[in-house]
file model.txt (compact mmCIF, C-alpha atoms)
# COMPACT_ATOMS: atom_id res chain seq x y z
CA ILE A 1 -0.53 4.33 -5.36
CA PRO A 2 -1.56 0.69 -4.98
CA ARG A 3 1.06 -1.96 -4.11
CA SER A 4 0.34 -3.60 -7.45
CA ARG A 5 2.16 -0.70 -9.12
CA PHE A 6 5.28 -0.73 -6.95
CA ALA A 7 7.08 -2.79 -4.33
CA PRO A 8 7.72 -0.54 -1.32
CA VAL A 9 11.21 -0.75 0.13
CA LYS A 10 11.47 0.96 3.49
CA THR A 11 13.97 -1.32 5.20
CA THR A 12 16.69 -3.81 4.35
CA ASN A 13 14.15 -6.50 5.27
CA ASP A 14 12.06 -5.33 2.32
CA LEU A 15 15.14 -5.03 0.10
CA LEU A 16 16.27 -8.61 0.71
CA ALA A 17 12.77 -9.87 -0.12
CA LEU A 18 12.68 -7.71 -3.25
CA ARG A 19 16.00 -9.12 -4.47
CA SER A 20 14.74 -12.67 -4.08
CA ASP A 21 12.68 -14.72 -6.51
CA ALA A 22 9.55 -13.81 -4.53
CA TYR A 23 9.46 -10.82 -6.91
CA VAL A 24 9.64 -10.86 -10.69
CA LEU A 25 10.35 -8.29 -13.37
CA THR A 26 7.45 -7.93 -15.80
CA ASP A 27 7.73 -7.40 -19.55
CA ASP A 28 6.97 -3.72 -18.98
CA PHE A 29 9.81 -3.52 -16.40
CA ARG A 30 7.74 -3.43 -13.23
CA VAL A 31 8.87 -5.37 -10.18
CA VAL A 32 5.89 -7.29 -8.84
CA LEU A 33 5.27 -10.06 -6.36
CA ASP A 34 5.34 -13.49 -8.01
CA GLU A 35 1.82 -14.81 -8.65
CA SER A 36 2.53 -17.91 -6.55
CA ARG A 37 2.75 -15.62 -3.48
CA ASN A 38 -0.99 -14.81 -3.74
CA GLY A 39 -0.34 -11.15 -2.99
CA VAL A 40 1.52 -11.81 0.28
CA PRO A 41 5.24 -10.93 0.40
CA PRO A 42 7.64 -12.95 2.54
CA ASN A 43 8.04 -11.61 6.07
CA VAL A 44 11.78 -10.96 6.50
CA LYS A 45 13.28 -9.90 9.84
CA LEU A 46 17.01 -9.24 9.71
CA ASP A 47 19.22 -8.81 12.76
CA GLY A 48 19.76 -5.14 13.67
CA GLN A 49 23.31 -5.24 12.34
CA TYR A 50 21.84 -5.46 8.82
CA LYS A 51 19.90 -2.21 9.17
CA PHE A 52 21.98 -0.47 6.51
CA THR A 53 22.44 -1.65 2.93
CA ASP A 54 26.22 -2.02 3.09
CA ARG A 55 25.89 -4.62 5.86
CA MET A 56 22.95 -6.30 4.13
CA GLU A 57 25.14 -6.66 1.02
CA GLU A 58 27.64 -8.59 3.16
CA LEU A 59 24.84 -11.05 3.93
CA ILE A 60 24.64 -11.97 0.23
CA PRO A 61 28.22 -11.63 -1.08
CA SER A 62 27.37 -13.63 -4.23
CA GLY A 63 24.76 -10.97 -5.05
CA LYS A 64 22.13 -13.72 -5.21
CA ALA A 65 19.55 -13.55 -2.45
CA PRO A 66 18.15 -16.80 -1.11
CA SER A 67 15.06 -18.14 -2.82
CA LEU A 68 12.08 -16.83 -0.85
CA LYS A 69 9.35 -17.86 -3.29
CA GLU A 70 8.02 -20.44 -0.82
CA CYS A 71 9.01 -18.57 2.34
CA LYS A 72 6.39 -17.34 4.77
CA LYS A 73 8.81 -15.87 7.32
CA LEU A 74 12.61 -15.62 7.54
CA VAL A 75 14.36 -14.41 10.70
CA ILE A 76 18.13 -13.82 10.73
CA GLU A 77 19.88 -13.55 14.11
CA GLY A 78 23.63 -12.95 14.34
CA ASP A 79 26.59 -12.45 12.03
CA MET A 80 26.48 -14.60 8.89
CA LYS A 81 26.45 -14.67 5.13
CA PHE A 82 24.54 -16.77 2.63
CA ALA A 83 26.29 -19.02 0.14
CA ALA A 84 24.70 -19.11 -3.31
CA GLY A 85 22.04 -21.78 -3.80
CA ILE A 86 19.87 -21.35 -0.71
CA THR A 87 16.11 -21.92 -0.65
CA ILE A 88 13.93 -20.98 2.32
CA LYS A 89 10.53 -22.67 2.69
CA GLY A 90 7.87 -21.92 5.30
CA GLU A 91 8.90 -20.22 8.54
CA VAL A 92 12.63 -20.37 9.28
CA THR A 93 14.95 -18.74 11.81
CA ILE A 94 18.66 -18.92 11.08
CA LYS A 95 20.90 -17.92 13.95
CA ASN A 96 24.53 -17.57 14.86
CA THR A 97 25.12 -17.07 18.59
CA GLY A 98 28.92 -17.04 18.28
CA ASP A 99 31.35 -14.18 17.70
CA LYS A 100 32.66 -15.46 14.36
CA LYS A 101 30.83 -14.77 11.09
CA ARG A 102 29.48 -18.02 9.65
CA THR A 103 28.38 -19.04 6.17
CA VAL A 104 24.99 -20.65 5.65
CA PRO A 105 25.71 -23.53 3.24
CA PRO A 106 23.70 -24.09 0.05
CA GLY A 107 20.56 -26.14 0.51
CA ILE A 108 16.86 -26.10 1.28
CA TYR A 109 15.91 -24.81 4.71
CA ASP A 110 12.40 -25.59 5.93
CA LYS A 111 13.04 -25.49 9.68
CA ASP A 112 15.11 -23.43 12.10
CA PHE A 113 18.87 -23.70 11.63
CA ASP A 114 21.77 -22.83 13.96
CA VAL A 115 24.86 -21.94 11.95
CA THR A 116 27.00 -21.20 15.05
CA ASN A 117 29.23 -24.27 14.74
CA VAL A 118 29.05 -24.76 10.97
CA GLU A 119 32.38 -24.65 9.16
CA TYR A 120 31.65 -24.11 5.47
CA ASN A 121 34.14 -22.86 2.92
CA GLU A 122 32.66 -21.84 -0.39
CA PRO A 123 34.36 -23.46 -3.36
CA SER A 124 36.33 -20.95 -5.36
CA SER A 125 35.42 -20.60 -9.01
CA VAL A 126 39.10 -20.70 -10.04
CA PRO A 127 41.57 -22.98 -8.30
CA GLN A 128 43.87 -20.82 -6.18
CA LYS A 129 47.03 -22.53 -7.41
CA LEU A 130 45.99 -22.81 -11.04
CA GLY A 131 48.98 -20.83 -12.28
CA VAL A 132 51.43 -22.97 -10.33
CA SER A 133 49.78 -26.22 -11.49
CA ILE A 134 49.98 -25.19 -15.16
CA LEU A 135 53.63 -24.28 -14.78
CA GLN A 136 54.35 -27.52 -12.96
CA ALA A 137 52.44 -29.49 -15.59
CA HIS A 138 54.87 -28.15 -18.18
CA GLY A 139 57.92 -28.84 -16.03
CA LEU A 140 58.55 -25.15 -15.37
CA LYS A 141 59.35 -23.49 -12.05
CA HIS A 142 57.38 -20.57 -10.69

call {"tool": "encode", "arguments": {"input": "model.txt", "output": "structure tokens"}}
result
Amino acid sequence: IPRSRFAPVKTTNDLLALRSDAYVLTDDFRVVLDESRNGVPPNVKLDGQYKFTDRMEELIPSGKAPSLKECKKLVIEGDMKFAAGITIKGEVTIKNTGDKKRTVPPGIYDKDFDVTNVEYNEPSSVPQKLGVSILQAHGLKH
């Protein structure tokens, strides 16, 4: 079966690429490589700890894989997770050499990036103290 009829997924490297915008869903429900890729999928190399899908899922907790439409090669080294809103362009290695899991902040990455000392806290979609603030706004105690 030619690759034009299916996108082979043998590893979590392939799965991350498939979940990105480098692939599109056609009107007849086939998953194919985006035309802008000229038939060449992104080369993704995940750290060995992401060998199984449950760990790979932890890499993209938002469920949204980084944009790989303009990515030639992505290498992930170390324990990390991606925030939503990440675009990878060209050849990029993202590494964490520390023991603590780090979050790769939103942005465009077009060169190697060391996330080891990055402190990024994703904004929560609902303020954590919303209930208390509403009560306080009405002069009530919680």

call {"tool": "closest_residue", "arguments": {"input": "model.txt", "among": "A:Asn96, A:Ser62, A:Ser67, A:Asn121", "to": "Ala17 (chain A)", "atoms": "only C-alpha atoms"}}
result
A:Ser67

call {"tool": "atom_distance", "arguments": {"input": "model.txt", "atom1": "CA of Val92 (chain A)", "atom2": "CA of Tyr109 (chain A)"}}
result
7.2 Å

call {"tool": "closest_residue", "arguments": {"input": "model.txt", "among": "A:Thr26, A:Ser36, A:Thr103, A:Thr97", "to": "Leu59 (chain A)", "atoms": "only C-alpha atoms"}}
result
A:Thr103

call {"tool": "atom_distance", "arguments": {"input": "model.txt", "atom1": "CA of Phe52 (chain A)", "atom2": "CA of Asp14 (chain A)"}}
result
11.8 Å

call {"tool": "atom_distance", "arguments": {"input": "model.txt", "atom1": "CA of Thr12 (chain A)", "atom2": "CA of Glu119 (chain A)"}}
result
26.5 Å

call {"tool": "closest_residue", "arguments": {"input": "model.txt", "among": "A:Arg37, A:Arg19, A:Lys64, A:Lys10", "to": "Pro106 (chain A)", "atoms": "only C-alpha atoms"}}
result
A:Lys64

call {"tool": "residues_around", "arguments": {"input": "model.txt", "residues": "Leu16 (chain A)", "least_positions_apart": "3", "cutoff": "9 Å", "atoms": "all atoms listed in the file", "output": "ChimeraX atom specification"}}
result
/A:11-13,19-20,44,56,65-66

call {"tool": "closest_residue", "arguments": {"input": "model.txt", "among": "A:Cys71, A:Lys101, A:Asp112, A:Gly63", "to": "Val40 (chain A)", "atoms": "all atoms listed in the file"}}
result
A:Cys71

call {"tool": "residues_around", "arguments": {"input": "model.txt", "residues": "region 74-81 of chain A", "least_positions_apart": "5", "cutoff": "9 Å", "atoms": "only C-alpha atoms", "output": "VMD selection string"}}
result
chain A and resid 42 to 49 58 to 61 68 88 to 104 115 to 116

call {"tool": "closest_residue", "arguments": {"input": "model.txt", "among": "A:Leu25, A:Leu15, A:Ala83, A:Leu33", "to": "Tyr120 (chain A)", "atoms": "all atoms listed in the file"}}
result
A:Ala83

call {"tool": "residues_around", "arguments": {"input": "model.txt", "residues": "Asp34 (chain A)", "least_positions_apart": "3", "cutoff": "6 Å", "atoms": "all atoms listed in the file", "output": "PyMOL selection string"}}
result
chain A and resi 22-24+37

call {"tool": "closest_residue", "arguments": {"input": "model.txt", "among": "A:Pro41, A:Asp114, A:Pro105, A:Asp21", "to": "Lys73 (chain A)", "atoms": "all atoms listed in the file"}}
result
A:Pro41

call {"tool": "axis_aligned_box", "arguments": {"input": "model.txt", "around": "region 55-59 of chain A", "padding_each_side": "6 Å", "output": "JSON"}}
result
{"center_x": 25.3, "center_y": -7.8, "center_z": 3.4, "size_x": 16.7, "size_y": 18.4, "size_z": 16.8}

call {"tool": "decode", "arguments": {"input": "model.txt", "residues": "region 26-38 of chain A", "atoms": "all heavy atoms", "output": "mmCIF file, in the first residue's frame"}}
result
data_model
loop_
_atom_site.group_PDB
_atom_site.id
_atom_site.type_symbol
_atom_site.label_atom_id
_atom_site.label_comp_id
_atom_site.auth_asym_id
_atom_site.auth_seq_id
_atom_site.Cartn_x
_atom_site.Cartn_y
_atom_site.Cartn_z
ATOM 1 N N THR A 26 -8.469 14.718 4.986
ATOM 2 C CA THR A 26 -9.094 15.050 3.707
ATOM 3 C C THR A 26 -10.611 14.960 3.812
ATOM 4 O O THR A 26 -11.151 14.435 4.794
ATOM 5 C CB THR A 26 -8.615 14.096 2.588
ATOM 6 O OG1 THR A 26 -9.073 12.772 2.894
ATOM 7 C CG2 THR A 26 -7.101 14.123 2.445
ATOM 8 N N ASP A 27 -11.292 15.445 2.789
ATOM 9 C CA ASP A 27 -12.759 15.391 2.760
ATOM 10 C C ASP A 27 -13.283 13.967 2.797
ATOM 11 O O ASP A 27 -14.389 13.719 3.264
ATOM 12 C CB ASP A 27 -13.299 16.102 1.514
ATOM 13 C CG ASP A 27 -13.069 17.604 1.571
ATOM 14 O OD1 ASP A 27 -12.910 18.144 2.692
ATOM 15 O OD2 ASP A 27 -13.032 18.243 0.508
ATOM 16 N N ASP A 28 -12.471 13.018 2.290
ATOM 17 C CA ASP A 28 -12.897 11.612 2.341
ATOM 18 C C ASP A 28 -12.282 10.882 3.550
ATOM 19 O O ASP A 28 -12.148 9.675 3.562
ATOM 20 C CB ASP A 28 -12.598 10.894 1.023
ATOM 21 C CG ASP A 28 -11.120 10.882 0.670
ATOM 22 O OD1 ASP A 28 -10.333 11.625 1.299
ATOM 23 O OD2 ASP A 28 -10.745 10.125 -0.247
ATOM 24 N N PHE A 29 -11.896 11.666 4.572
ATOM 25 C CA PHE A 29 -11.460 11.162 5.878
ATOM 26 C C PHE A 29 -10.155 10.364 5.852
ATOM 27 O O PHE A 29 -9.971 9.451 6.639
ATOM 28 C CB PHE A 29 -12.582 10.348 6.553
ATOM 29 C CG PHE A 29 -13.832 11.139 6.700
ATOM 30 C CD1 PHE A 29 -14.911 10.934 5.851
ATOM 31 C CD2 PHE A 29 -13.927 12.132 7.659
ATOM 32 C CE1 PHE A 29 -16.065 11.692 5.968
ATOM 33 C CE2 PHE A 29 -15.079 12.893 7.786
ATOM 34 C CZ PHE A 29 -16.152 12.679 6.945
ATOM 35 N N ARG A 30 -9.262 10.740 4.958
ATOM 36 C CA ARG A 30 -7.922 10.160 4.975
ATOM 37 C C ARG A 30 -6.982 11.155 5.640
ATOM 38 O O ARG A 30 -7.134 12.362 5.489
ATOM 39 C CB ARG A 30 -7.421 9.876 3.549
ATOM 40 C CG ARG A 30 -8.143 8.738 2.856
ATOM 41 C CD ARG A 30 -7.638 8.508 1.438
ATOM 42 N NE ARG A 30 -7.829 9.706 0.614
ATOM 43 C CZ ARG A 30 -6.840 10.363 -0.005
ATOM 44 N NH1 ARG A 30 -5.609 9.957 0.069
ATOM 45 N NH2 ARG A 30 -7.107 11.450 -0.730
ATOM 46 N N VAL A 31 -6.031 10.644 6.380
ATOM 47 C CA VAL A 31 -5.001 11.490 6.978
ATOM 48 C C VAL A 31 -3.805 11.465 6.040
ATOM 49 O O VAL A 31 -3.237 10.401 5.775
ATOM 50 C CB VAL A 31 -4.601 10.986 8.381
ATOM 51 C CG1 VAL A 31 -3.471 11.818 8.956
ATOM 52 C CG2 VAL A 31 -5.811 10.996 9.305
ATOM 53 N N VAL A 32 -3.469 12.643 5.513
ATOM 54 C CA VAL A 32 -2.370 12.729 4.546
ATOM 55 C C VAL A 32 -1.434 13.867 4.942
ATOM 56 O O VAL A 32 -1.817 14.806 5.638
ATOM 57 C CB VAL A 32 -2.881 12.958 3.098
ATOM 58 C CG1 VAL A 32 -3.753 11.791 2.634
ATOM 59 C CG2 VAL A 32 -3.629 14.269 2.978
ATOM 60 N N LEU A 33 -0.219 13.768 4.458
ATOM 61 C CA LEU A 33 0.767 14.806 4.688
ATOM 62 C C LEU A 33 0.321 16.087 4.002
ATOM 63 O O LEU A 33 -0.156 16.056 2.871
ATOM 64 C CB LEU A 33 2.107 14.328 4.122
ATOM 65 C CG LEU A 33 3.382 14.967 4.622
ATOM 66 C CD1 LEU A 33 3.503 14.887 6.136
ATOM 67 C CD2 LEU A 33 4.575 14.269 3.985
ATOM 68 N N ASP A 34 0.442 17.215 4.689
ATOM 69 C CA ASP A 34 0.071 18.502 4.113
ATOM 70 C C ASP A 34 0.885 18.735 2.835
ATOM 71 O O ASP A 34 2.074 18.413 2.777
ATOM 72 C CB ASP A 34 0.351 19.609 5.126
ATOM 73 C CG ASP A 34 -0.157 20.949 4.669
ATOM 74 O OD1 ASP A 34 0.580 21.653 3.946
ATOM 75 O OD2 ASP A 34 -1.286 21.297 5.035
ATOM 76 N N GLU A 35 0.237 19.295 1.820
ATOM 77 C CA GLU A 35 0.900 19.535 0.534
ATOM 78 C C GLU A 35 2.168 20.365 0.663
ATOM 79 O O GLU A 35 3.128 20.181 -0.081
ATOM 80 C CB GLU A 35 -0.057 20.210 -0.445
ATOM 81 C CG GLU A 35 -1.127 19.294 -0.978
ATOM 82 C CD GLU A 35 -2.040 20.007 -1.976
ATOM 83 O OE1 GLU A 35 -1.709 21.130 -2.399
ATOM 84 O OE2 GLU A 35 -3.084 19.420 -2.322
ATOM 85 N N SER A 36 2.191 21.294 1.626
ATOM 86 C CA SER A 36 3.361 22.156 1.796
ATOM 87 C C SER A 36 4.603 21.368 2.206
ATOM 88 O O SER A 36 5.720 21.858 2.087
ATOM 89 C CB SER A 36 3.078 23.231 2.843
ATOM 90 O OG SER A 36 2.921 22.655 4.127
ATOM 91 N N ARG A 37 4.426 20.129 2.665
ATOM 92 C CA ARG A 37 5.551 19.283 3.080
ATOM 93 C C ARG A 37 6.252 18.619 1.900
ATOM 94 O O ARG A 37 7.279 17.989 2.074
ATOM 95 C CB ARG A 37 5.067 18.202 4.054
ATOM 96 C CG ARG A 37 4.421 18.691 5.314
ATOM 97 C CD ARG A 37 5.334 19.171 6.370
ATOM 98 N NE ARG A 37 6.522 18.362 6.500
ATOM 99 C CZ ARG A 37 7.601 18.738 7.144
ATOM 100 N NH1 ARG A 37 7.647 19.904 7.723
ATOM 101 N NH2 ARG A 37 8.656 17.962 7.225
ATOM 102 N N ASN A 38 5.679 18.738 0.706
ATOM 103 C CA ASN A 38 6.284 18.152 -0.504
ATOM 104 C C ASN A 38 6.616 16.667 -0.349
ATOM 105 O O ASN A 38 7.660 16.199 -0.797
ATOM 106 C CB ASN A 38 7.527 18.929 -0.920
ATOM 107 C CG ASN A 38 7.194 20.346 -1.323
ATOM 108 O OD1 ASN A 38 6.205 20.593 -2.014
ATOM 109 N ND2 ASN A 38 7.999 21.286 -0.874
#
